[in-house]
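> The file below is my_file33.tsv, TSV, C-alpha atoms:
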chain	number	residue	atom	x	y	z
A	71	MET	CA	-16.88	5.68	36.00
A	72	SER	CA	-13.61	6.25	37.81
A	73	LYS	CA	-10.26	6.18	36.09
A	74	THR	CA	-9.38	2.88	37.74
A	75	GLN	CA	-12.66	1.24	36.75
A	76	ARG	CA	-12.12	2.34	33.18
A	77	LEU	CA	-8.58	0.97	33.21
A	78	VAL	CA	-9.78	-2.37	34.54
A	79	TYR	CA	-12.58	-2.68	32.00
A	80	LEU	CA	-10.35	-1.76	29.08
A	81	SER	CA	-7.71	-4.24	30.27
A	82	LEU	CA	-10.37	-6.94	30.40
A	83	PHE	CA	-11.47	-6.04	26.90
A	84	VAL	CA	-7.89	-6.26	25.58
A	85	THR	CA	-7.50	-9.65	27.24
A	86	LEU	CA	-10.80	-10.87	25.86
A	87	ALA	CA	-9.98	-9.68	22.33
A	88	SER	CA	-6.52	-11.29	22.43
A	89	ALA	CA	-7.94	-14.54	23.79
A	90	LEU	CA	-10.57	-14.62	21.04
A	91	GLY	CA	-7.87	-13.96	18.44
A	92	ILE	CA	-5.74	-16.81	19.78
A	93	LEU	CA	-8.76	-19.10	20.02
A	94	GLU	CA	-9.67	-18.36	16.45
A	95	SER	CA	-6.19	-19.13	15.17
A	96	ALA	CA	-6.33	-22.46	17.03
A	97	LEU	CA	-9.62	-23.45	15.44
A	98	PRO	CA	-9.71	-24.89	11.94
A	99	ASN	CA	-10.82	-22.15	9.58
A	100	PRO	CA	-14.46	-22.78	8.60
A	101	PHE	CA	-13.83	-20.94	5.33
A	102	PRO	CA	-11.43	-22.62	2.92
A	103	LEU	CA	-10.31	-19.28	1.50
A	104	PRO	CA	-7.14	-17.41	2.47
A	105	GLY	CA	-7.89	-14.15	4.27
A	106	VAL	CA	-11.47	-15.11	5.04
A	107	LYS	CA	-12.06	-15.70	8.71
A	108	LEU	CA	-14.73	-15.21	11.33
A	109	GLY	CA	-13.06	-12.27	13.09
A	110	LEU	CA	-14.15	-13.10	16.63
A	111	ALA	CA	-11.99	-10.29	18.02
A	112	ASN	CA	-14.13	-7.86	16.09
A	113	ILE	CA	-16.87	-8.48	18.67
A	114	VAL	CA	-14.74	-6.77	21.31
A	115	THR	CA	-13.62	-3.94	19.02
A	116	LEU	CA	-17.28	-3.20	18.27
A	117	GLN	CA	-18.23	-3.10	21.93
A	118	VAL	CA	-15.32	-0.93	22.96
A	119	LEU	CA	-16.00	1.50	20.13
A	120	TYR	CA	-19.63	1.63	21.16
A	121	LEU	CA	-18.90	2.13	24.85
A	122	TYR	CA	-15.71	4.19	24.81
A	123	GLY	CA	-15.19	5.66	21.34
A	124	LEU	CA	-12.44	5.80	18.76
A	125	LYS	CA	-9.34	6.35	20.89
A	126	ASP	CA	-9.83	3.36	23.16
A	127	GLY	CA	-11.18	1.21	20.33
A	128	LEU	CA	-8.05	1.85	18.29
A	129	ALA	CA	-5.78	1.17	21.26
A	130	ILE	CA	-7.56	-2.12	21.91
A	131	SER	CA	-7.35	-3.19	18.26
A	132	LEU	CA	-3.62	-2.46	18.08
A	133	LEU	CA	-2.87	-4.25	21.35
A	134	ARG	CA	-5.03	-7.18	20.34
A	135	VAL	CA	-3.17	-7.61	17.03
A	136	LEU	CA	0.16	-7.36	18.87
A	137	PHE	CA	-0.71	-9.85	21.63
A	138	THR	CA	-2.38	-12.34	19.31
A	139	SER	CA	0.59	-12.34	16.95
A	140	LEU	CA	3.02	-12.79	19.84
A	141	PHE	CA	1.09	-15.75	21.20
A	142	VAL	CA	0.42	-17.38	17.85
A	143	GLY	CA	3.93	-16.74	16.53
A	144	THR	CA	3.11	-14.55	13.57
A	145	PHE	CA	4.68	-11.35	14.94
A	146	LEU	CA	6.26	-9.28	12.11
A	147	SER	CA	5.28	-11.89	9.50
A	148	VAL	CA	3.39	-10.97	6.35
A	149	GLY	CA	0.16	-12.02	8.02
A	150	PHE	CA	0.87	-9.70	10.93
A	151	TYR	CA	1.09	-6.63	8.68
A	152	LEU	CA	-2.07	-7.66	6.89
A	153	SER	CA	-3.93	-8.09	10.20
A	154	LEU	CA	-2.60	-4.78	11.48
A	155	THR	CA	-3.71	-2.84	8.41
A	156	GLY	CA	-7.08	-4.58	8.37
A	157	ALA	CA	-7.66	-3.93	12.07
A	158	VAL	CA	-6.75	-0.23	11.90
A	159	PHE	CA	-8.77	0.28	8.75
A	160	SER	CA	-11.89	-1.42	10.09
A	161	THR	CA	-11.66	0.29	13.48
A	162	LEU	CA	-11.53	3.70	11.82
A	163	VAL	CA	-14.47	2.87	9.56
A	164	MET	CA	-16.58	1.51	12.43
A	165	ALA	CA	-15.81	4.48	14.67
A	166	PHE	CA	-16.82	6.83	11.86
A	167	LEU	CA	-20.10	4.99	11.33
A	168	PHE	CA	-20.94	4.89	15.04
A	169	LYS	CA	-20.38	8.62	15.27
A	170	TYR	CA	-21.83	9.97	12.04
A	171	VAL	CA	-24.34	7.37	10.80
A	172	PRO	CA	-26.66	6.70	13.74
A	173	ALA	CA	-29.18	5.00	11.42
A	174	LEU	CA	-26.96	1.94	11.30
A	175	SER	CA	-27.36	-0.58	14.11
A	176	MET	CA	-24.52	-2.60	15.54
A	177	MET	CA	-25.16	-5.24	12.85
A	178	GLY	CA	-24.64	-2.72	10.06
A	179	VAL	CA	-21.50	-1.30	11.64
A	180	SER	CA	-20.20	-4.82	12.11
A	181	ILE	CA	-20.72	-5.68	8.44
A	182	ALA	CA	-18.97	-2.47	7.41
A	183	GLY	CA	-16.15	-3.32	9.80
A	184	ALA	CA	-15.73	-6.84	8.44
A	185	VAL	CA	-15.78	-5.64	4.86
A	186	SER	CA	-13.34	-2.80	5.50
A	187	HIS	CA	-11.06	-5.17	7.40
A	188	ASN	CA	-10.88	-7.35	4.30
A	189	VAL	CA	-10.36	-4.38	2.00
A	190	GLY	CA	-7.60	-3.01	4.24
A	191	GLN	CA	-5.89	-6.39	4.22
A	192	LEU	CA	-6.07	-6.57	0.47
A	193	LEU	CA	-4.58	-3.08	0.09
A	194	ALA	CA	-1.73	-4.07	2.39
A	195	ALA	CA	-1.21	-7.29	0.45
A	196	ALA	CA	-1.17	-5.40	-2.85
A	197	ALA	CA	1.43	-2.98	-1.44
A	198	LEU	CA	3.53	-5.83	-0.06
A	199	ILE	CA	3.68	-8.03	-3.13
A	200	GLN	CA	3.48	-5.12	-5.59
A	201	THR	CA	0.89	-6.49	-7.92
A	202	GLY	CA	-2.59	-5.47	-8.95
A	203	TYR	CA	-3.62	-9.02	-9.76
A	204	ILE	CA	-4.52	-9.56	-6.14
A	205	PHE	CA	-7.61	-7.40	-6.62
A	206	TYR	CA	-9.10	-10.42	-8.32
A	207	TYR	CA	-9.85	-11.45	-4.83
A	208	LEU	CA	-11.80	-8.29	-3.96
A	209	PRO	CA	-15.35	-9.58	-4.74
A	210	VAL	CA	-14.74	-12.69	-2.60
A	211	LEU	CA	-13.50	-10.63	0.31
A	212	LEU	CA	-16.33	-8.11	0.01
A	213	LEU	CA	-19.00	-10.80	0.02
A	214	SER	CA	-17.40	-12.84	2.79
A	215	GLY	CA	-17.59	-9.79	5.06
A	216	ILE	CA	-21.39	-10.08	5.14
A	217	PRO	CA	-21.86	-13.41	6.97
A	218	THR	CA	-18.87	-12.83	9.26
A	219	GLY	CA	-19.99	-9.26	9.99
A	220	LEU	CA	-23.53	-10.42	10.76
A	221	ALA	CA	-22.27	-13.16	13.06
A	222	THR	CA	-19.91	-10.96	15.07
A	223	GLY	CA	-22.41	-8.08	15.12
A	224	TYR	CA	-25.10	-10.38	16.50
A	225	VAL	CA	-22.88	-11.67	19.30
A	226	ALA	CA	-21.69	-8.15	20.13
A	227	CYS	CA	-25.28	-6.92	20.28
A	228	LEU	CA	-26.50	-9.74	22.52
A	229	SER	CA	-23.60	-9.64	24.96
A	230	LEU	CA	-23.74	-5.86	25.20
A	231	LYS	CA	-27.43	-6.03	26.14
A	232	HIS	CA	-26.53	-8.52	28.81
A	233	LEU	CA	-23.74	-6.31	30.15
A	234	ALA	CA	-26.08	-3.31	30.21
A	235	ARG	CA	-28.59	-5.28	32.29
A	236	LYS	CA	-25.92	-6.10	34.83
A	237	LYS	CA	-25.26	-2.35	35.16
A	238	PHE	CA	-21.54	-2.71	34.61
A	239	PHE	CA	-21.48	0.51	32.66
B	135	MET	CA	-29.37	0.51	20.44
B	136	SER	CA	-32.63	-0.06	18.61
B	137	LYS	CA	-35.01	-2.83	19.53
B	138	ARG	CA	-34.99	-4.35	16.09
B	139	LEU	CA	-31.81	-6.16	15.24
B	140	MET	CA	-31.53	-4.93	11.66
B	141	THR	CA	-32.51	-1.38	10.76
B	142	LYS	CA	-33.44	-0.21	7.29
B	143	ALA	CA	-30.03	1.39	6.95
B	144	ASP	CA	-28.41	-1.96	7.75
B	145	THR	CA	-30.32	-3.63	4.94
B	146	LYS	CA	-29.31	-0.84	2.57
B	147	LEU	CA	-25.68	-1.30	3.55
B	148	LEU	CA	-25.95	-5.04	3.01
B	149	ILE	CA	-27.39	-4.56	-0.47
B	150	ALA	CA	-24.73	-1.94	-1.24
B	151	VAL	CA	-21.94	-4.38	-0.33
B	152	ILE	CA	-23.45	-7.10	-2.51
B	153	LEU	CA	-23.81	-4.67	-5.43
B	154	LEU	CA	-20.27	-3.40	-4.90
B	155	SER	CA	-18.87	-6.92	-5.04
B	156	LEU	CA	-20.82	-7.63	-8.23
B	157	VAL	CA	-19.52	-4.41	-9.79
B	158	ALA	CA	-15.98	-5.28	-8.69
B	159	TYR	CA	-16.37	-8.74	-10.16
B	160	ALA	CA	-17.66	-7.37	-13.46
B	161	ALA	CA	-14.98	-4.67	-13.60
B	162	ILE	CA	-12.21	-7.21	-13.04
B	163	HIS	CA	-13.76	-9.71	-15.39
B	164	TYR	CA	-14.02	-7.29	-18.29
B	165	SER	CA	-10.90	-5.26	-17.63
B	166	SER	CA	-7.39	-5.77	-18.91
B	167	LEU	CA	-6.54	-7.35	-15.58
B	168	SER	CA	-7.69	-10.68	-16.99
B	169	PHE	CA	-4.92	-12.96	-16.05
B	170	PRO	CA	-3.80	-16.46	-16.77
B	171	ALA	CA	-6.46	-17.19	-19.38
B	172	GLU	CA	-4.82	-14.89	-21.93
B	173	GLY	CA	-1.31	-15.99	-21.11
B	174	ARG	CA	1.35	-16.97	-23.58
B	175	VAL	CA	3.50	-20.04	-23.87
B	176	LEU	CA	7.10	-19.58	-24.89
B	177	ILE	CA	8.95	-22.60	-26.14
B	178	LYS	CA	12.70	-22.25	-26.24
B	179	ALA	CA	15.15	-24.68	-27.75
B	180	GLY	CA	18.87	-24.13	-27.31
B	181	GLY	CA	18.21	-20.72	-25.75
B	182	GLU	CA	16.15	-19.32	-28.60
B	183	VAL	CA	12.40	-18.88	-28.76
B	184	VAL	CA	11.16	-21.25	-31.42
B	185	GLN	CA	7.43	-21.03	-30.77
B	186	GLU	CA	5.15	-18.52	-29.08
B	187	LEU	CA	1.55	-19.59	-28.61
B	188	LEU	CA	-1.48	-18.14	-26.87
B	189	LEU	CA	-2.82	-20.06	-23.93
B	190	SER	CA	-6.43	-18.92	-23.97
B	191	ALA	CA	-9.06	-20.69	-21.93
B	192	ASP	CA	-11.09	-21.80	-24.93
B	193	ARG	CA	-8.36	-23.02	-27.26
B	194	PRO	CA	-8.75	-26.53	-28.66
B	195	ALA	CA	-6.30	-29.19	-27.54
B	196	GLN	CA	-3.25	-29.29	-29.74
B	197	ARG	CA	-0.10	-31.39	-29.96
B	198	ILE	CA	2.96	-29.91	-31.53
B	199	SER	CA	6.36	-31.35	-32.21
B	200	VAL	CA	9.38	-29.27	-31.32
B	201	GLN	CA	12.92	-30.11	-32.30
B	202	GLY	CA	15.21	-29.94	-29.28
B	203	LYS	CA	18.98	-30.14	-29.33
B	204	THR	CA	19.13	-33.92	-29.43
B	205	ALA	CA	15.63	-35.14	-30.22
B	206	PRO	CA	12.11	-33.92	-30.93
B	207	ALA	CA	9.54	-33.61	-28.16
B	208	ILE	CA	5.77	-33.65	-28.32
B	209	ILE	CA	4.20	-30.74	-26.45
B	210	GLU	CA	0.50	-30.78	-25.67
B	211	ILE	CA	-1.44	-27.55	-25.14
B	212	GLU	CA	-5.06	-27.32	-24.11
B	213	GLN	CA	-7.36	-24.97	-22.18
B	214	GLY	CA	-5.00	-22.76	-20.20
B	215	ARG	CA	-2.32	-25.39	-19.60
B	216	VAL	CA	0.60	-27.06	-21.25
B	217	ARG	CA	2.75	-30.17	-20.77
B	218	VAL	CA	5.37	-32.28	-22.44
B	219	ALA	CA	3.50	-35.36	-23.65
B	220	GLU	CA	6.44	-37.29	-25.05
B	221	ALA	CA	10.16	-36.79	-24.96
B	222	PHE	CA	13.13	-38.92	-25.88
B	223	CYS	CA	15.39	-38.05	-23.02
B	224	PRO	CA	16.64	-40.60	-20.44
B	225	ASP	CA	15.02	-39.28	-17.25
B	226	GLN	CA	11.64	-38.10	-18.59
B	227	ILE	CA	11.56	-35.40	-15.92
B	228	CYS	CA	9.79	-32.99	-18.23
B	229	VAL	CA	7.06	-35.55	-18.93
B	230	LYS	CA	6.65	-36.49	-15.29
B	231	GLN	CA	6.26	-32.84	-14.29
B	232	GLY	CA	2.86	-32.90	-15.97
B	233	TRP	CA	0.71	-29.86	-16.69
B	234	ILE	CA	1.69	-26.29	-15.84
B	235	ASP	CA	-0.86	-23.48	-15.86
B	236	THR	CA	0.43	-20.72	-13.58
B	237	PRO	CA	2.16	-17.65	-15.04
B	238	GLY	CA	5.77	-17.74	-14.04
B	239	SER	CA	6.07	-21.52	-14.05
B	240	SER	CA	8.14	-23.53	-16.49
B	241	ILE	CA	9.10	-26.99	-17.65
B	242	VAL	CA	12.78	-27.49	-18.39
B	243	CYS	CA	14.34	-30.41	-20.18
B	244	VAL	CA	18.06	-30.10	-19.62
B	245	PRO	CA	19.48	-32.81	-21.92
B	246	ASN	CA	17.33	-31.59	-24.78
B	247	GLU	CA	17.87	-27.87	-23.97
B	248	LEU	CA	14.14	-27.32	-24.14
B	249	VAL	CA	12.30	-24.76	-22.01
B	250	ILE	CA	8.56	-24.27	-21.88
B	251	TYR	CA	7.73	-21.11	-20.03
B	252	LEU	CA	4.57	-19.21	-19.11
B	253	PRO	CA	5.57	-15.53	-18.82
B	254	ALA	CA	3.82	-13.74	-15.97
B	255	GLY	CA	1.48	-10.98	-17.15
B	256	THR	CA	3.15	-7.89	-18.54
B	257	ASP	CA	6.07	-7.94	-16.14
B	258	ASP	CA	8.32	-10.85	-15.35
B	259	GLY	CA	7.56	-10.94	-11.62
B	260	ALA	CA	5.64	-13.75	-10.04
B	261	THR	CA	1.91	-13.20	-9.70
B	262	ALA	CA	0.86	-16.29	-7.82
B	263	VAL	CA	-0.26	-15.99	-4.23
B	264	ASP	CA	2.79	-16.35	-2.06
B	265	ALA	CA	1.48	-15.63	1.42
B	266	ILE	CA	-1.57	-16.57	3.38
B	267	THR	CA	-2.75	-14.67	6.42
B	268	ARG	CA	-4.46	-16.22	9.34
Please render this file's structure as C-alpha cells.

Amino acid sequence: MSKTQRLVYLSLFVTLASALGILESALPNPFPLPGVKLGLANIVTLQVLYLYGLKDGLAISLLRVLFTSLFVGTFLSVGFYLSLTGAVFSTLVMAFLFKYVPALSMMGVSIAGAVSHNVGQLLAAAALIQTGYIFYYLPVLLLSGIPTGLATGYVACLSLKHLARKKFF
Amino acid sequence: MSKRLMTKADTKLLIAVILLSLVAYAAIHYSSLSFPAEGRVLIKAGGEVVQELLLSADRPAQRISVQGKTAPAIIEIEQGRVRVAEAFCPDQICVKQGWIDTPGSSIVCVPNELVIYLPAGTDDGATAVDAITR
C-alpha cells in the first residue's frame, strides 16, 4: 500500500468514526443510564487497530473524539474529558489484546474495549469530581460493556470481511 | 480472523467480566462505601443542632416534634428520607418541599429558623451525580 493510499484510507476511517459519533449523539440513547451508550465509533477503532496497529488506531480515536465534540458542541466540557479518557484507555487495551492475546477474536477484543472505555470514563469522572462514591456505578458500567461490545464487535467483524473480499487492503 | 465468531477465549473473557462486575458489586455493597442508606439527619433550630438521627434504609416511620423559634414543627422520617409534615409558618415552603433523601440536600424554614440537613458522607462536599456524558 502506498503512502497516499494509506493516507486516504485513514482519512476515510476518521471521517467514518466522527460521523458515527455524531450520529450516535443525535439518536436517543437506547440505554437510560448515564455513561452507557452503544459506542458505534468503536467499530472503526477496532478495524483500524486490526488493519494498521496501535499508532494509527490511537490517532484515529483522538481525532474522532475531537471532531465529534466539535460538531456536537461538547468540546472541552466534562463529557469531552470523559470520552477522551475512555477512548484512549480502550484503544490502548484493544491494541494490547490484538498484539499479545491472539486467542481472542474481534468480538472478545471489542468487549474488552467497551468495558475498558467505561472503566476509563469512570476513573476520569472520579478524578474530576473527587469522590469515590462514583465507583458505585462500576458494576453497571462493567456489565453494560458486554452487549455494546458484542454489538460493535459483530458489525466490525462483518464489515471487515466484506472489505477484505473487495481487496481494498 | 477465525471462522467462528466467538472463540473459547472470548467466552472466558465474557465470563470474567461478569464475575468481575459481581465482585465489584459485592465489594461495594459490603464495604464502608455504603452511602445514603446510613446517612444522618441533622435538625437545627436557631443555629444549634437539636436532634441528630440516623437515616437507615430499614428504620420504621417516625414523626417527631421539634420546637422552632416561633412554633413547633412536625418532622416525619422514614426509610432513607425525611420531610416536614406540618409547620405553623405562613408560607409552608418547608412542607411543600416534600421529601429529601440525597446527602447534601436540606429543608430550610426561615421564619421558624429550622434547618433539616442531610450531611454528605464523611466530608461536606456534594456526592450526587452532577454531570452526564453523552
> So which residues touch A:Tyr120 within 10 Å, counting all atoms listed in the file, skipping near sequence neighbours fewer than 5 positions away, as a CSV table (one decimal) with C-alpha atoms, in the frame of the given file?

chain,number,residue,atom,x,y,z
A,114,VAL,CA,-14.7,-6.8,21.3
A,115,THR,CA,-13.6,-3.9,19.0
A,127,GLY,CA,-11.2,1.2,20.3
A,164,MET,CA,-16.6,1.5,12.4
A,165,ALA,CA,-15.8,4.5,14.7
A,168,PHE,CA,-20.9,4.9,15.0
A,169,LYS,CA,-20.4,8.6,15.3
A,176,MET,CA,-24.5,-2.6,15.5
A,230,LEU,CA,-23.7,-5.9,25.2
B,135,MET,CA,-29.4,0.5,20.4
> Just give me the gap between atom CA of B:Pro194 and atom CA of B:Ala179 in Å, one decimal is fine.
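So the answer is 24.0 Å.
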> How many Å separate atom CA of A:Val78 from atom CA of A:Val225?
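One can read the atom CA of A:Val78 to atom CA of A:Val225 distance as 22.1 Å.
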> Between atom CA of A:Leu152 and atom CA of A:Thr85, what distance in Å does the model show, to one decimal?
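Between these atoms lies a distance of 21.2 Å.
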> From the list A:Thr138, A:Ser72, A:Gln117, A:Ser175, which residue is nearest chain B when using all atoms listed in the file?
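Answer, going by the shortest atom-to-atom distance: A:Ser175.
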> Would you give me, as a PDB file with C-alpha atoms, in the frame of the given file, the residues of chain A that come within 9 Å of chain B, using all atoms listed in the file?

ATOM      1  CA  SER A  95      -6.190 -19.130  15.170  1.00  0.00           C
ATOM      2  CA  ASN A  99     -10.820 -22.150   9.580  1.00  0.00           C
ATOM      3  CA  PRO A 104      -7.140 -17.410   2.470  1.00  0.00           C
ATOM      4  CA  GLY A 105      -7.890 -14.150   4.270  1.00  0.00           C
ATOM      5  CA  VAL A 106     -11.470 -15.110   5.040  1.00  0.00           C
ATOM      6  CA  LYS A 107     -12.060 -15.700   8.710  1.00  0.00           C
ATOM      7  CA  THR A 144       3.110 -14.550  13.570  1.00  0.00           C
ATOM      8  CA  VAL A 148       3.390 -10.970   6.350  1.00  0.00           C
ATOM      9  CA  GLY A 149       0.160 -12.020   8.020  1.00  0.00           C
ATOM     10  CA  PHE A 150       0.870  -9.700  10.930  1.00  0.00           C
ATOM     11  CA  LEU A 152      -2.070  -7.660   6.890  1.00  0.00           C
ATOM     12  CA  SER A 153      -3.930  -8.090  10.200  1.00  0.00           C
ATOM     13  CA  ALA A 173     -29.180   5.000  11.420  1.00  0.00           C
ATOM     14  CA  LEU A 174     -26.960   1.940  11.300  1.00  0.00           C
ATOM     15  CA  SER A 175     -27.360  -0.580  14.110  1.00  0.00           C
ATOM     16  CA  MET A 176     -24.520  -2.600  15.540  1.00  0.00           C
ATOM     17  CA  MET A 177     -25.160  -5.240  12.850  1.00  0.00           C
ATOM     18  CA  GLY A 178     -24.640  -2.720  10.060  1.00  0.00           C
ATOM     19  CA  VAL A 179     -21.500  -1.300  11.640  1.00  0.00           C
ATOM     20  CA  ILE A 181     -20.720  -5.680   8.440  1.00  0.00           C
ATOM     21  CA  ALA A 182     -18.970  -2.470   7.410  1.00  0.00           C
ATOM     22  CA  VAL A 185     -15.780  -5.640   4.860  1.00  0.00           C
ATOM     23  CA  ALA A 195      -1.210  -7.290   0.450  1.00  0.00           C
ATOM     24  CA  ILE A 199       3.680  -8.030  -3.130  1.00  0.00           C
ATOM     25  CA  THR A 201       0.890  -6.490  -7.920  1.00  0.00           C
ATOM     26  CA  GLY A 202      -2.590  -5.470  -8.950  1.00  0.00           C
ATOM     27  CA  TYR A 203      -3.620  -9.020  -9.760  1.00  0.00           C
ATOM     28  CA  ILE A 204      -4.520  -9.560  -6.140  1.00  0.00           C
ATOM     29  CA  PHE A 205      -7.610  -7.400  -6.620  1.00  0.00           C
ATOM     30  CA  TYR A 206      -9.100 -10.420  -8.320  1.00  0.00           C
ATOM     31  CA  TYR A 207      -9.850 -11.450  -4.830  1.00  0.00           C
ATOM     32  CA  LEU A 208     -11.800  -8.290  -3.960  1.00  0.00           C
ATOM     33  CA  PRO A 209     -15.350  -9.580  -4.740  1.00  0.00           C
ATOM     34  CA  VAL A 210     -14.740 -12.690  -2.600  1.00  0.00           C
ATOM     35  CA  LEU A 211     -13.500 -10.630   0.310  1.00  0.00           C
ATOM     36  CA  LEU A 212     -16.330  -8.110   0.010  1.00  0.00           C
ATOM     37  CA  LEU A 213     -19.000 -10.800   0.020  1.00  0.00           C
ATOM     38  CA  GLY A 215     -17.590  -9.790   5.060  1.00  0.00           C
ATOM     39  CA  ILE A 216     -21.390 -10.080   5.140  1.00  0.00           C
ATOM     40  CA  TYR A 224     -25.100 -10.380  16.500  1.00  0.00           C
ATOM     41  CA  CYS A 227     -25.280  -6.920  20.280  1.00  0.00           C
ATOM     42  CA  LYS A 231     -27.430  -6.030  26.140  1.00  0.00           C
TER      43      LYS A 231
END
> Env of B:Ser239: 8 Å cut, atoms = all atoms listed in the file, seq-sep filter 6 positions within chain, self excluded. Answer as a ChimeraX atom specification.
/B:251-253
> So which residues touch A:Gly109 within 9 Å, counting only C-alpha atoms, skipping near sequence neighbours fewer than 6 positions away, as a count of residues only?
7
> For each of A:Ser139, A:Thr74, A:Tyr170, A:Gly183, take the minimum atom-to-atom distance to A:Asn112, counting all atoms listed in the file, then give the residue where this is smallest.
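Smallest separation from A:Asn112 among the options: A:Gly183.
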